[in-house]
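Okay, input.csv now, which holds CSV, C-alpha atoms:
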chain,number,residue,atom,x,y,z
A,45,MET,CA,16.2,0.2,-3.1
A,46,LYS,CA,14.5,0.7,-6.5
A,47,ILE,CA,10.8,1.4,-6.1
A,48,ALA,CA,8.0,1.7,-8.7
A,49,LEU,CA,4.9,3.6,-7.9
A,50,ILE,CA,1.5,2.5,-9.2
A,51,GLY,CA,-1.0,5.4,-8.7
A,52,TYR,CA,0.3,8.9,-8.5
A,53,GLY,CA,-2.4,10.8,-6.6
A,54,LYS,CA,-2.0,12.4,-3.2
A,55,MET,CA,-0.9,9.2,-1.6
A,56,GLY,CA,1.5,8.3,-4.4
A,57,LYS,CA,3.2,11.7,-4.2
A,58,GLU,CA,3.5,11.4,-0.4
A,59,ILE,CA,5.1,8.0,-0.7
A,60,GLU,CA,7.5,9.3,-3.3
A,61,LYS,CA,8.7,12.1,-0.9
A,62,ILE,CA,9.2,9.7,2.0
A,63,ALA,CA,11.0,7.0,-0.2
A,64,LEU,CA,13.4,9.6,-1.5
A,65,SER,CA,14.1,11.0,2.0
A,66,ARG,CA,15.0,7.4,3.1
A,67,GLY,CA,17.5,7.1,0.2
A,68,HIS,CA,15.5,5.0,-2.2
A,69,GLU,CA,15.2,5.5,-6.0
A,70,ILE,CA,11.9,5.9,-7.8
A,71,VAL,CA,12.5,4.0,-11.1
A,72,SER,CA,9.0,4.1,-12.6
A,73,ILE,CA,5.7,5.9,-12.0
A,74,ILE,CA,2.5,4.3,-13.5
A,75,ASP,CA,-0.8,6.1,-13.6
A,76,VAL,CA,-3.9,6.0,-15.8
A,77,ASP,CA,-2.2,7.4,-18.9
A,78,ASN,CA,0.8,5.1,-19.2
A,79,GLN,CA,-0.4,1.6,-18.4
A,80,GLU,CA,2.0,0.2,-21.1
A,81,ASP,CA,4.9,1.0,-18.7
A,82,PHE,CA,4.1,-2.2,-16.8
A,83,GLU,CA,6.0,-3.9,-19.5
A,84,SER,CA,9.0,-1.4,-19.5
A,85,ALA,CA,12.5,-2.3,-18.4
A,86,ALA,CA,12.4,0.5,-15.8
A,87,PHE,CA,9.3,-1.0,-14.1
A,88,LYS,CA,10.8,-4.6,-14.2
A,89,SER,CA,14.0,-3.3,-12.6
A,90,ALA,CA,12.2,-2.3,-9.4
A,91,ASP,CA,12.8,-4.3,-6.2
A,92,VAL,CA,9.3,-3.5,-5.1
A,93,ALA,CA,6.2,-1.7,-6.5
A,94,ILE,CA,3.9,0.3,-4.2
A,95,GLU,CA,0.3,0.4,-5.3
A,96,PHE,CA,-2.4,2.8,-4.0
A,97,THR,CA,-5.3,3.0,-6.5
A,98,ASN,CA,-9.0,2.0,-6.3
A,99,PRO,CA,-11.1,-1.2,-6.1
A,100,MET,CA,-11.9,-1.1,-9.9
A,101,VAL,CA,-8.3,-1.4,-11.1
A,102,ALA,CA,-6.3,-2.9,-8.2
A,103,TYR,CA,-6.7,-6.5,-9.2
A,104,ASN,CA,-5.5,-5.8,-12.8
A,105,ASN,CA,-2.5,-3.9,-11.4
A,106,TYR,CA,-1.6,-6.9,-9.3
A,107,MET,CA,-1.7,-9.2,-12.2
A,108,LYS,CA,0.4,-6.9,-14.4
A,109,THR,CA,2.9,-6.5,-11.6
A,110,PHE,CA,3.2,-10.2,-10.9
A,111,GLN,CA,3.6,-10.8,-14.7
A,112,ALA,CA,6.5,-8.4,-14.7
A,113,GLY,CA,8.2,-10.4,-11.9
A,114,VAL,CA,8.0,-7.5,-9.4
A,115,LYS,CA,7.2,-7.8,-5.7
A,116,LEU,CA,4.2,-5.6,-4.6
A,117,VAL,CA,3.0,-3.6,-1.6
A,118,SER,CA,-0.6,-2.5,-1.8
A,119,GLY,CA,-3.0,-0.5,0.3
A,120,SER,CA,-5.9,-0.7,-2.2
A,121,THR,CA,-9.2,-2.0,-0.7
A,122,GLY,CA,-12.5,-3.3,-2.0
A,123,TRP,CA,-11.1,-6.1,-4.2
A,124,MET,CA,-10.8,-8.9,-1.8
A,125,ALA,CA,-14.3,-10.3,-1.8
A,126,GLU,CA,-14.0,-11.1,-5.5
A,127,HIS,CA,-10.3,-11.8,-5.9
A,128,GLY,CA,-8.9,-12.4,-2.4
A,129,ASP,CA,-8.6,-16.2,-2.6
A,130,GLU,CA,-7.0,-16.2,-6.0
A,131,VAL,CA,-4.4,-13.5,-5.1
A,132,LYS,CA,-3.5,-15.3,-1.8
A,133,LYS,CA,-3.0,-18.6,-3.7
A,134,LEU,CA,-0.7,-16.9,-6.2
A,135,CYS,CA,1.4,-15.8,-3.2
A,136,THR,CA,1.3,-18.9,-1.2
A,137,GLU,CA,1.6,-21.4,-4.0
A,138,GLY,CA,2.5,-19.5,-7.2
A,139,GLY,CA,5.7,-17.8,-6.1
A,140,LYS,CA,4.3,-14.2,-6.2
A,141,THR,CA,4.8,-11.7,-3.4
A,142,LEU,CA,2.2,-9.3,-2.1
A,143,PHE,CA,2.3,-7.2,1.1
A,144,TRP,CA,-1.2,-6.1,1.6
A,145,SER,CA,-2.8,-4.0,4.4
A,146,SER,CA,-6.0,-2.0,4.6
A,147,ASN,CA,-4.0,0.6,6.5
A,148,PHE,CA,-0.2,1.1,6.8
A,149,SER,CA,-0.2,3.6,9.6
A,150,LEU,CA,1.9,2.7,12.7
A,151,GLY,CA,-0.8,4.4,14.8
A,152,VAL,CA,-3.5,2.3,13.3
A,153,SER,CA,-1.4,-0.8,13.9
A,154,ILE,CA,-1.2,0.1,17.6
A,155,PHE,CA,-4.9,1.0,17.6
A,156,SER,CA,-5.7,-2.4,16.1
A,157,ALA,CA,-3.7,-4.2,18.9
A,158,VAL,CA,-5.6,-2.1,21.5
A,159,ASN,CA,-8.9,-2.9,19.8
A,160,LYS,CA,-8.3,-6.7,20.0
A,161,TYR,CA,-7.2,-6.5,23.6
A,162,LEU,CA,-10.2,-4.4,24.6
A,163,ALA,CA,-12.5,-6.9,22.8
A,164,LYS,CA,-11.0,-9.7,24.9
A,165,ILE,CA,-11.7,-7.8,28.1
A,166,MET,CA,-15.3,-6.9,27.0
A,167,ASN,CA,-16.0,-10.5,26.2
A,168,GLN,CA,-16.4,-10.9,30.0
A,169,PHE,CA,-19.0,-8.1,30.2
A,170,PRO,CA,-22.1,-8.8,28.0
A,171,THR,CA,-23.9,-5.7,29.2
A,172,TYR,CA,-21.8,-3.7,26.8
A,173,ASP,CA,-22.9,-3.5,23.2
A,174,VAL,CA,-20.4,-2.4,20.5
A,175,ARG,CA,-20.6,-0.4,17.3
A,176,MET,CA,-18.2,1.3,15.0
A,177,SER,CA,-18.0,4.4,12.9
A,178,GLU,CA,-15.6,5.5,10.2
A,179,THR,CA,-15.2,8.9,8.5
A,180,HIS,CA,-13.2,9.5,5.3
A,181,HIS,CA,-12.8,12.1,2.5
A,182,ILE,CA,-15.4,12.3,-0.3
A,183,HIS,CA,-13.1,10.7,-2.8
A,184,LYS,CA,-13.1,7.3,-1.1
A,185,MET,CA,-15.0,4.9,-3.2
A,186,ASP,CA,-15.6,1.9,-0.8
A,187,ALA,CA,-17.6,1.8,2.4
A,188,PRO,CA,-17.1,0.6,5.0
A,189,SER,CA,-13.4,1.3,4.8
A,190,GLY,CA,-11.0,-1.6,4.6
A,191,THR,CA,-9.5,-0.5,7.9
A,192,ALA,CA,-13.0,-0.6,9.6
A,193,ILE,CA,-13.5,-4.1,8.3
A,194,THR,CA,-10.1,-5.2,9.6
A,195,LEU,CA,-10.9,-3.7,13.0
A,196,ALA,CA,-14.3,-5.3,13.0
A,197,GLU,CA,-12.7,-8.7,12.2
A,198,GLY,CA,-10.4,-8.1,15.2
A,199,ILE,CA,-13.5,-7.6,17.4
A,200,LEU,CA,-15.3,-10.7,16.0
A,201,GLU,CA,-12.3,-12.9,16.8
A,202,ASN,CA,-12.4,-11.9,20.4
A,203,LEU,CA,-16.1,-11.1,21.3
A,204,ASP,CA,-18.2,-14.3,21.4
A,205,ARG,CA,-21.5,-12.5,21.3
A,206,LYS,CA,-20.9,-11.0,17.8
A,207,ASP,CA,-21.0,-13.2,14.8
A,208,LYS,CA,-20.6,-10.8,11.9
A,209,TRP,CA,-20.2,-7.2,10.9
A,210,VAL,CA,-22.9,-5.4,8.9
A,211,GLU,CA,-23.2,-2.1,7.1
A,212,GLY,CA,-25.0,0.5,9.2
A,213,THR,CA,-25.8,4.0,8.1
A,214,PHE,CA,-24.0,5.8,5.2
A,215,GLN,CA,-23.8,9.6,5.2
A,216,ALA,CA,-23.0,10.8,1.6
A,217,PRO,CA,-21.0,13.9,0.9
A,218,ASP,CA,-24.2,15.8,0.3
A,219,GLY,CA,-25.4,14.9,3.8
A,220,THR,CA,-28.1,12.4,2.8
A,221,VAL,CA,-28.2,9.3,5.0
A,222,SER,CA,-29.1,5.8,3.8
A,223,GLY,CA,-29.0,2.4,5.4
A,224,SER,CA,-30.1,1.6,8.9
A,225,ALA,CA,-28.7,1.7,12.4
A,226,GLU,CA,-30.9,-1.3,13.4
A,227,CYS,CA,-29.2,-4.7,13.7
A,228,THR,CA,-29.6,-8.0,15.6
A,229,ALA,CA,-27.8,-8.7,18.8
A,230,ASP,CA,-25.1,-10.8,17.2
A,231,GLU,CA,-24.3,-8.2,14.5
A,232,LEU,CA,-21.6,-5.5,14.7
A,233,PRO,CA,-22.7,-2.4,12.7
A,234,ILE,CA,-20.3,-0.1,10.9
A,235,ASN,CA,-21.6,3.4,10.2
A,236,SER,CA,-19.8,5.4,7.4
A,237,ILE,CA,-19.5,9.1,6.7
A,238,ARG,CA,-18.0,10.8,3.7
A,239,GLU,CA,-17.1,14.4,4.1
A,240,GLY,CA,-14.5,17.0,3.2
A,241,GLU,CA,-10.8,15.8,2.9
A,242,VAL,CA,-10.8,13.8,6.2
A,243,PRO,CA,-7.8,11.3,6.0
A,244,GLY,CA,-9.5,8.8,8.2
A,245,ILE,CA,-11.2,8.6,11.6
A,246,HIS,CA,-12.2,5.2,13.2
A,247,SER,CA,-14.1,5.0,16.5
A,248,ILE,CA,-15.2,1.9,18.4
A,249,ARG,CA,-17.8,2.4,21.1
A,250,TYR,CA,-18.9,0.0,23.9
A,251,ASP,CA,-22.2,1.1,25.5
A,252,SER,CA,-24.0,0.0,28.6
A,253,GLU,CA,-26.8,1.5,30.7
A,254,ALA,CA,-24.1,2.7,33.2
A,255,ASP,CA,-21.5,4.2,30.9
A,256,SER,CA,-19.7,4.0,27.6
A,257,ILE,CA,-16.1,3.3,26.5
A,258,THR,CA,-14.8,4.7,23.2
A,259,ILE,CA,-11.4,4.3,21.5
A,260,THR,CA,-10.6,6.5,18.4
A,261,HIS,CA,-7.8,6.8,15.9
A,262,ASP,CA,-7.8,10.1,14.1
A,263,ALA,CA,-5.3,10.5,11.2
A,264,LYS,CA,-4.0,14.1,10.8
A,265,ASN,CA,-2.6,13.6,7.3
A,266,ARG,CA,-1.3,10.9,4.9
A,267,ARG,CA,2.2,10.9,6.2
A,268,GLY,CA,1.8,8.1,8.6
A,269,PHE,CA,0.2,5.9,5.9
A,270,ALA,CA,2.9,6.7,3.4
A,271,LEU,CA,5.8,6.0,5.9
A,272,GLY,CA,4.2,2.6,6.7
A,273,ALA,CA,4.0,1.7,3.1
A,274,VAL,CA,7.7,2.5,2.6
A,275,LEU,CA,8.6,0.5,5.7
A,276,ALA,CA,6.5,-2.4,4.2
A,277,ALA,CA,8.4,-2.1,0.9
A,278,GLU,CA,11.7,-2.3,2.8
A,279,TYR,CA,10.5,-5.4,4.5
A,280,THR,CA,9.0,-6.9,1.3
A,281,ALA,CA,12.3,-6.6,-0.6
A,282,LYS,CA,13.8,-9.2,1.7
A,283,HIS,CA,10.8,-11.5,2.0
A,284,GLU,CA,8.4,-13.5,-0.1
A,285,GLY,CA,4.8,-14.7,-0.2
A,286,ALA,CA,1.6,-13.3,1.3
A,287,LEU,CA,2.7,-10.6,3.8
A,288,GLY,CA,0.9,-8.2,6.1
A,289,MET,CA,1.3,-5.8,9.0
A,290,SER,CA,1.6,-8.6,11.6
A,291,ASP,CA,4.9,-9.6,9.8
A,292,LEU,CA,6.2,-6.0,9.9
A,293,PHE,CA,4.9,-5.4,13.5
A,294,PRO,CA,4.9,-8.8,15.4
A,295,PHE,CA,3.1,-7.2,18.4
A,296,LEU,CA,-0.1,-7.5,16.2
A,297,LYS,CA,0.1,-11.3,16.7
A,298,ASP,CA,-0.1,-11.1,20.5
Can you give me the file's structure in the form of structure tokens?
Amino acid sequence: MKIALIGYGKMGKEIEKIALSRGHEIVSIIDVDNQEDFESAAFKSADVAIEFTNPMVAYNNYMKTFQAGVKLVSGSTGWMAEHGDEVKKLCTEGGKTLFWSSNFSLGVSIFSAVNKYLAKIMNQFPTYDVRMSETHHIHKMDAPSGTAITLAEGILENLDRKDKWVEGTFQAPDGTVSGSAECTADELPINSIREGEVPGIHSIRYDSEADSITITHDAKNRRGFALGAVLAAEYTAKHEGALGMSDLFPFLKD
């Protein structure tokens, strides 16, 4: 398979290594200095492009990729509130293809399924309140993380006593804390921490007067995310439209 990379930071380099190890060819690498390559023959020859950048440029990358007629896999977050409906419509009605996920890790996919199942059980036990925390490296620009939001949405779908998620506290890289841990009974708070080079830790905690139940996913490195992105690209090469992890891993639909 011919793959184009959009974004060549730590994640892009890890994806490159895994793609090559699986027998794929990297035909184009686009970063901040060579945006004109979106129009190159090399980029247009790709079966799939894999994009990991940031909320400020992701949408423009999508539009340039679609214009080049290339299918896209993306793990960029923070753009959906402004452009989500438009991009989805391009894929469902406009003939474009985007496989998007807030997190491509197999472990996170399993964790997400466990999270939904646990929420279904806890729906029967209103004495337990629930909150979430996420910790990431200091370079991550959005908070809460896209993965935390996806996990929160999985809880809201299955826990009747919670109506929406809200931003809780935010601990900046310098240790200063802003925001508030206070929320109403129908709100699910997400607390965020930015420190060091942490790949990603997500914890969901149910608390009662008697005890607490906590589930945690702790990424050791970027390899799991990169492998998932390449698996998604292999899937996307053979499919069209608006795609996601539940297409790649059907157990997420259960």
Problem - A:Pro99 surroundings by only C-alpha atoms, 9 Å radius, close-in-sequence under 2 positions cut, as a ChimeraX atom specification - result: /A:97,101-103,120-124,185-186
Practice task
To one decimal in Å, tell me the separation between atom CA of A:Ser252 and atom CA of A:Val158.
Solution key: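 Between atom CA of A:Ser252 and atom CA of A:Val158 the gap works out to 19.8 Å.
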Problem - Point-to-point distance in Å for atom CA of A:Asp173 and atom CA of A:Asn202 - result: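 Value for the atom CA of A:Asn202-atom CA of A:Asp173 distance: 13.7 Å.
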Exercise for the section: Using atom CA of A:Val221 and atom CA of A:Pro233 as the two end points, give the distance in Å to one decimal. Expected result: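 Taking atom CA of A:Val221 as the start and atom CA of A:Pro233 as the end point, the length is 15.0 Å.
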Residues of stretch 54-117 of chain A that have any atom at most 12 Å from an atom of stretch 274-298 of chain A: could you tabulate them with the shortest-distance atom pair and the distance in Å to one decimal, using all atoms listed in the file, ordered by chain and increasing number, as a tab-separated table?
residue	atom	partner	partner_atom	distance
A:Met55	CA	A:Val274	CA	11.7
A:Gly56	CA	A:Val274	CA	11.0
A:Glu58	CA	A:Val274	CA	10.3
A:Ile59	CA	A:Val274	CA	6.9
A:Glu60	CA	A:Val274	CA	9.0
A:Lys61	CA	A:Val274	CA	10.3
A:Ile62	CA	A:Val274	CA	7.4
A:Ala63	CA	A:Val274	CA	6.2
A:Leu64	CA	A:Val274	CA	10.0
A:Ser65	CA	A:Val274	CA	10.7
A:Arg66	CA	A:Val274	CA	8.8
A:Gly67	CA	A:Val274	CA	11.1
A:His68	CA	A:Val274	CA	9.5
A:Glu69	CA	A:Val274	CA	11.8
A:Ile70	CA	A:Val274	CA	11.7
A:Ala90	CA	A:Ala281	CA	9.8
A:Asp91	CA	A:Ala281	CA	6.1
A:Val92	CA	A:Ala277	CA	6.2
A:Ala93	CA	A:Ala277	CA	7.7
A:Ile94	CA	A:Ala277	CA	7.2
A:Glu95	CA	A:Ala277	CA	10.5
A:Phe110	CA	A:Gly285	CA	11.7
A:Val114	CA	A:Ala281	CA	9.8
A:Lys115	CA	A:Thr280	CA	7.3
A:Leu116	CA	A:Thr280	CA	7.7
A:Val117	CA	A:Ala277	CA	6.1
Handout entry: Non-local contacts of stretch 181-183 of chain A (10 Å; all atoms listed in the file; under 2 positions in same chain excluded) as a list in words
Key =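 The filter keeps Thr179, Met185, Asp186, Ala216, Pro217, Asp218, Ile237, Arg238, Glu239, Gly240, Glu241, Val242, Pro243, Gly244 and Ile245 of chain A.
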Practice task
Around the point (-15.9, 2.9, 7.5), in the coordinates given by the file, pick out the residues reaching within 7 Å, counting all atoms listed in the file, and return them as a PyMOL selection string.
Solution key: chain A and resi 177-179+187-189+192+234-236
Practice task
Go through A:Arg205, A:His127, A:Leu150, A:Ser89 and flag the residue nearest A:Pro170, using all atoms listed in the file for the distances.
Solution key: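 When distances to A:Pro170 are compared using all atoms listed in the file, the smallest one comes from A:Arg205.
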Exercise for the section: Determine the nearest neighbour of A:Thr191 from the options A:Phe269, A:Phe143, A:Tyr106, A:Tyr250, counting all atoms listed in the file. Expected result: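 Of A:Phe269, A:Phe143, A:Tyr106, A:Tyr250, the one nearest A:Thr191, counting all atoms listed in the file, is A:Phe269.
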Handout entry: Contacts of A:Phe155 at 12 Å (all atoms listed in the file; same-chain gap of 3+ positions) as a PyMOL selection string
Key = chain A and resi 147-152+158-162+191-192+194-195+198+245-248+258-263+295-296
Exercise for the section: Would you list the contacts of A:Leu203 as a ChimeraX atom specification, taking every protein, DNA or RNA residue within 9 Å and counting all atoms listed in the file, but skipping same-chain residues closer than 6 positions in sequence? Expected result: /A:163-168
Might you pull out every residue within 12 Å of A:Lys88, with all atoms listed in the file counted and same-chain residues fewer than 5 positions away left off, and present them as a tab-separated table (two decimals) with C-alpha atoms, keeping the file's coordinate frame?
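The resulting file, out-v7.tsv, is reproduced below:
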chain	number	residue	atom	x	y	z
A	46	LYS	CA	14.50	0.70	-6.50
A	47	ILE	CA	10.80	1.40	-6.10
A	48	ALA	CA	8.00	1.70	-8.70
A	49	LEU	CA	4.90	3.60	-7.90
A	71	VAL	CA	12.50	4.00	-11.10
A	72	SER	CA	9.00	4.10	-12.60
A	73	ILE	CA	5.70	5.90	-12.00
A	81	ASP	CA	4.90	1.00	-18.70
A	82	PHE	CA	4.10	-2.20	-16.80
A	83	GLU	CA	6.00	-3.90	-19.50
A	93	ALA	CA	6.20	-1.70	-6.50
A	108	LYS	CA	0.40	-6.90	-14.40
A	109	THR	CA	2.90	-6.50	-11.60
A	110	PHE	CA	3.20	-10.20	-10.90
A	111	GLN	CA	3.60	-10.80	-14.70
A	112	ALA	CA	6.50	-8.40	-14.70
A	113	GLY	CA	8.20	-10.40	-11.90
A	114	VAL	CA	8.00	-7.50	-9.40
A	115	LYS	CA	7.20	-7.80	-5.70
A	116	LEU	CA	4.20	-5.60	-4.60
